[in-house]
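Here the structure is laid out as structure tokens; the discussion comes afterwards.
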Amino acid sequence: MTPAVLDRRKVLSQIFPNPDDYLFVTGLAGSARDTAGLTKDGTNLFTMAGAMGAATSMGLGVAMSAPNKKVVVVTGDGELLMNIGSLATVATIAPANFSIVCIDNGCHGETGGQTGHTSNKTNLKMMAEGAGFSSTLLIESEAELAQGVSFLNEAPGPRFVHLRVIDGAPTVFKRNMDLAECRIRFRSAF
């Protein structure tokens with residue numbers, strides 16, 4: 001694997017130039033803050049605070065219940081690995097309106113920055129392919145980010161985007177942490 005060069009705080013805005021076109025479900029703090037910064041904590045964002053490993057399953061449920069909306073899970077490598085079997089379920093159900101974007105910094109930022117499996121041999125794109133995803137994309141450089149836009153809009157769903165980023169702080173953004181209010185707000189985005 002080549003060393004990561006992308007800054008996580010800049011990648012989402014480049015692959016989602018029109019974030020209002022999507023419903024977003026995110027994993028824990030880092031991906032949640034990055035996506036909150038992208039959407040300005042909009043009504044189209046639901047974050048999975050404290051439910052590590054649940055973002056993909058929750059996003060799948062949203063995609064199934066809102067088939068006319070584009071649904072994206074933004075998650076981290078550690079969070080995705082906590083429930084890696086969810087990739088097989090997504091591939092089996094195969095909702096055309098569903099994408100997963102994994103921000104892979106190769107460490108567990110939530111628990112102190114310990115080295116993660118993807119820093120060694122684990123390849124999440126290959127795991128998605130093995131689960132049955134027909135549309136996968138690895139983005140490791142600035143030049144590849146533009147390809148992400150067309151991939152998310154044109155590739156058959158479900159789609160898996162593996163974004164390899166440098167280890168660094170997520171977007172600085174203060175989210176609304178009233179989960180009941182956020183749930184109601186998100187439901188209105190349907």
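Chain labels A, B, ... are given in the sequence in which chains occur in the structure tokens; within each chain residues are numbered consecutively from 1, and ligands are likewise numbered from 1 in the order shown.
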
Among chain A, which ones does DSSP assign to strand (DSSP E) (computed from the backbone)? Answer as a VMD selection string. chain A and resid 22 to 26 45 to 47 70 to 76 98 to 104 107 to 108 114 to 115 135 to 139 159 to 164

Can you spit out the residues from that selection as a PDB file, in the first residue's frame, using C-alpha atoms?
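That gives us result_35.pdb:
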```pdb
ATOM      1  CA  TYR A  22     -27.982  12.949  -0.049  1.00  0.00           C
ATOM      2  CA  LEU A  23     -29.142  11.536   3.262  1.00  0.00           C
ATOM      3  CA  PHE A  24     -26.055  10.877   5.415  1.00  0.00           C
ATOM      4  CA  VAL A  25     -25.662   8.411   8.267  1.00  0.00           C
ATOM      5  CA  THR A  26     -22.311   8.546  10.031  1.00  0.00           C
ATOM      6  CA  LEU A  45     -27.463  14.091   8.658  1.00  0.00           C
ATOM      7  CA  PHE A  46     -27.934  11.407  11.299  1.00  0.00           C
ATOM      8  CA  THR A  47     -24.945  10.520  13.488  1.00  0.00           C
ATOM      9  CA  LYS A  70     -29.451   8.736  -2.252  1.00  0.00           C
ATOM     10  CA  VAL A  71     -28.208   7.387   1.094  1.00  0.00           C
ATOM     11  CA  VAL A  72     -24.558   7.469   2.152  1.00  0.00           C
ATOM     12  CA  VAL A  73     -22.881   6.033   5.229  1.00  0.00           C
ATOM     13  CA  VAL A  74     -19.689   7.884   6.143  1.00  0.00           C
ATOM     14  CA  THR A  75     -17.694   5.752   8.549  1.00  0.00           C
ATOM     15  CA  GLY A  76     -14.166   5.146   9.744  1.00  0.00           C
ATOM     16  CA  PHE A  98     -26.855   3.142  -1.148  1.00  0.00           C
ATOM     17  CA  SER A  99     -23.163   4.038  -0.793  1.00  0.00           C
ATOM     18  CA  ILE A 100     -20.577   3.569   1.934  1.00  0.00           C
ATOM     19  CA  VAL A 101     -17.644   5.965   2.193  1.00  0.00           C
ATOM     20  CA  CYS A 102     -14.962   4.730   4.576  1.00  0.00           C
ATOM     21  CA  ILE A 103     -12.501   7.350   5.815  1.00  0.00           C
ATOM     22  CA  ASP A 104      -9.501   5.152   6.576  1.00  0.00           C
ATOM     23  CA  CYS A 107      -5.781   4.122  13.434  1.00  0.00           C
ATOM     24  CA  HIS A 108      -8.404   4.141  16.153  1.00  0.00           C
ATOM     25  CA  GLN A 114      -3.760   3.071  18.337  1.00  0.00           C
ATOM     26  CA  THR A 115      -2.564   1.547  15.063  1.00  0.00           C
ATOM     27  CA  SER A 135     -18.908  -1.175  -7.386  1.00  0.00           C
ATOM     28  CA  THR A 136     -15.829  -0.311  -5.314  1.00  0.00           C
ATOM     29  CA  LEU A 137     -13.354   2.527  -5.575  1.00  0.00           C
ATOM     30  CA  LEU A 138     -10.076   3.238  -3.801  1.00  0.00           C
ATOM     31  CA  ILE A 139      -9.128   6.919  -3.528  1.00  0.00           C
ATOM     32  CA  ARG A 159     -21.169   1.423  -3.868  1.00  0.00           C
ATOM     33  CA  PHE A 160     -18.125   1.293  -1.577  1.00  0.00           C
ATOM     34  CA  VAL A 161     -15.545   4.115  -1.539  1.00  0.00           C
ATOM     35  CA  HIS A 162     -12.326   3.505   0.378  1.00  0.00           C
ATOM     36  CA  LEU A 163     -10.741   6.906   1.161  1.00  0.00           C
ATOM     37  CA  ARG A 164      -7.211   6.511   2.510  1.00  0.00           C
TER      38      ARG A 164
END
```

List as number ranges by chain the protein and nucleic acid residues near Pro95 of chain A, meaning an atom at most 7 Å away when only C-alpha atoms are counted, but skip any in the same chain fewer than 3 places from it. A: 63-64, 98, 157-158

Using N, CA and C atoms, can you write the selected residues to a file as a compact mmCIF listing (two decimals), in the first residue's frame?
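This is the output file result_28.txt:
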```
# COMPACT_ATOMS: atom_id res chain seq x y z
N ALA A 63 -31.74 3.39 3.56
CA ALA A 63 -31.80 3.22 2.10
C ALA A 63 -33.00 2.40 1.69
N MET A 64 -33.31 1.37 2.46
CA MET A 64 -34.46 0.53 2.13
C MET A 64 -35.78 1.26 2.35
N PHE A 98 -27.67 3.17 -2.36
CA PHE A 98 -26.86 3.14 -1.15
C PHE A 98 -25.36 3.14 -1.45
N GLY A 157 -25.35 0.58 -7.67
CA GLY A 157 -25.32 0.44 -6.22
C GLY A 157 -25.57 -0.99 -5.79
N PRO A 158 -25.13 -1.30 -4.59
CA PRO A 158 -24.49 -0.42 -3.63
C PRO A 158 -23.03 -0.16 -4.01
```

Have a look at A:Ser57, A:Thr2, A:Asn18, A:Ser134 and name the one nearest to Val149 of chain A; count only C-alpha atoms.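 Of the candidates, the smallest distance to Val149 of chain A is held by A:Asn18.
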
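Proximity ranking of A:Asn44, A:Ser150, A:Ser141, A:Asn68 relative to Val11 of chain A places A:Ser141 first, based on only C-alpha atoms.
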
Between atom CA of Ile15 of chain A and atom CA of Ala66 of chain A - distance in Å to one decimal: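 Those two atoms sit 21.9 Å apart.
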
Among segment 4-88 of chain A, which ones does DSSP place in helix (DSSP H, G or I), written as a short mmCIF file (atom, residue, chain, number, x, y, z; two decimals) with C-alpha atoms, in the first residue's frame?
```
data_model
loop_
_atom_site.label_atom_id
_atom_site.label_comp_id
_atom_site.auth_asym_id
_atom_site.auth_seq_id
_atom_site.Cartn_x
_atom_site.Cartn_y
_atom_site.Cartn_z
CA ARG A 8 -9.65 13.94 5.81
CA ARG A 9 -10.95 17.46 6.42
CA LYS A 10 -10.91 18.22 2.68
CA VAL A 11 -12.05 15.02 0.96
CA LEU A 12 -15.81 14.92 1.57
CA SER A 13 -16.47 18.33 0.05
CA GLN A 14 -14.66 17.20 -3.09
CA ILE A 15 -16.61 13.97 -3.59
CA PRO A 19 -24.34 17.40 -0.12
CA ASP A 20 -28.02 18.41 0.01
CA ASP A 21 -28.67 15.71 -2.61
CA ALA A 29 -16.86 11.24 16.25
CA GLY A 30 -14.33 11.68 13.42
CA SER A 31 -16.59 10.76 10.52
CA ALA A 32 -19.53 12.45 12.24
CA ARG A 33 -17.63 15.73 12.60
CA ASP A 34 -16.33 15.56 9.04
CA THR A 35 -19.86 15.04 7.71
CA ALA A 36 -21.37 17.64 10.04
CA GLY A 37 -18.88 20.13 8.65
CA LEU A 38 -19.89 19.14 5.11
CA THR A 39 -23.64 19.46 5.74
CA ALA A 55 -23.65 3.01 10.94
CA THR A 56 -23.70 0.62 7.97
CA SER A 57 -26.70 -1.33 9.28
CA MET A 58 -28.57 1.87 10.12
CA GLY A 59 -27.76 3.34 6.69
CA LEU A 60 -28.99 0.17 4.99
CA GLY A 61 -32.31 0.51 6.80
CA VAL A 62 -32.59 4.15 5.73
CA ALA A 63 -31.80 3.22 2.10
CA MET A 64 -34.46 0.53 2.13
CA SER A 65 -37.08 2.83 3.64
CA ASP A 77 -12.01 2.07 9.30
CA GLY A 78 -12.19 1.01 12.96
CA GLU A 79 -15.94 1.50 13.14
CA LEU A 80 -16.52 -0.47 9.94
CA LEU A 81 -14.35 -3.34 11.17
CA SER A 86 -22.76 -5.80 7.53
CA LEU A 87 -21.00 -5.51 4.15
CA ALA A 88 -22.30 -8.97 3.21
#
```

Distance query Leu179 of chain A at most 12 Å, only C-alpha atoms, self and fewer than 2 positions along chain excluded, as a ChimeraX atom specification: /A:45-50,175-177,181-186

List as an NGL selection string the protein and nucleic acid residues near Thr92 of chain A, meaning an atom at most 9 Å away when only C-alpha atoms are counted, but skip any in the same chain fewer than 6 places from it. :A and (131-133)
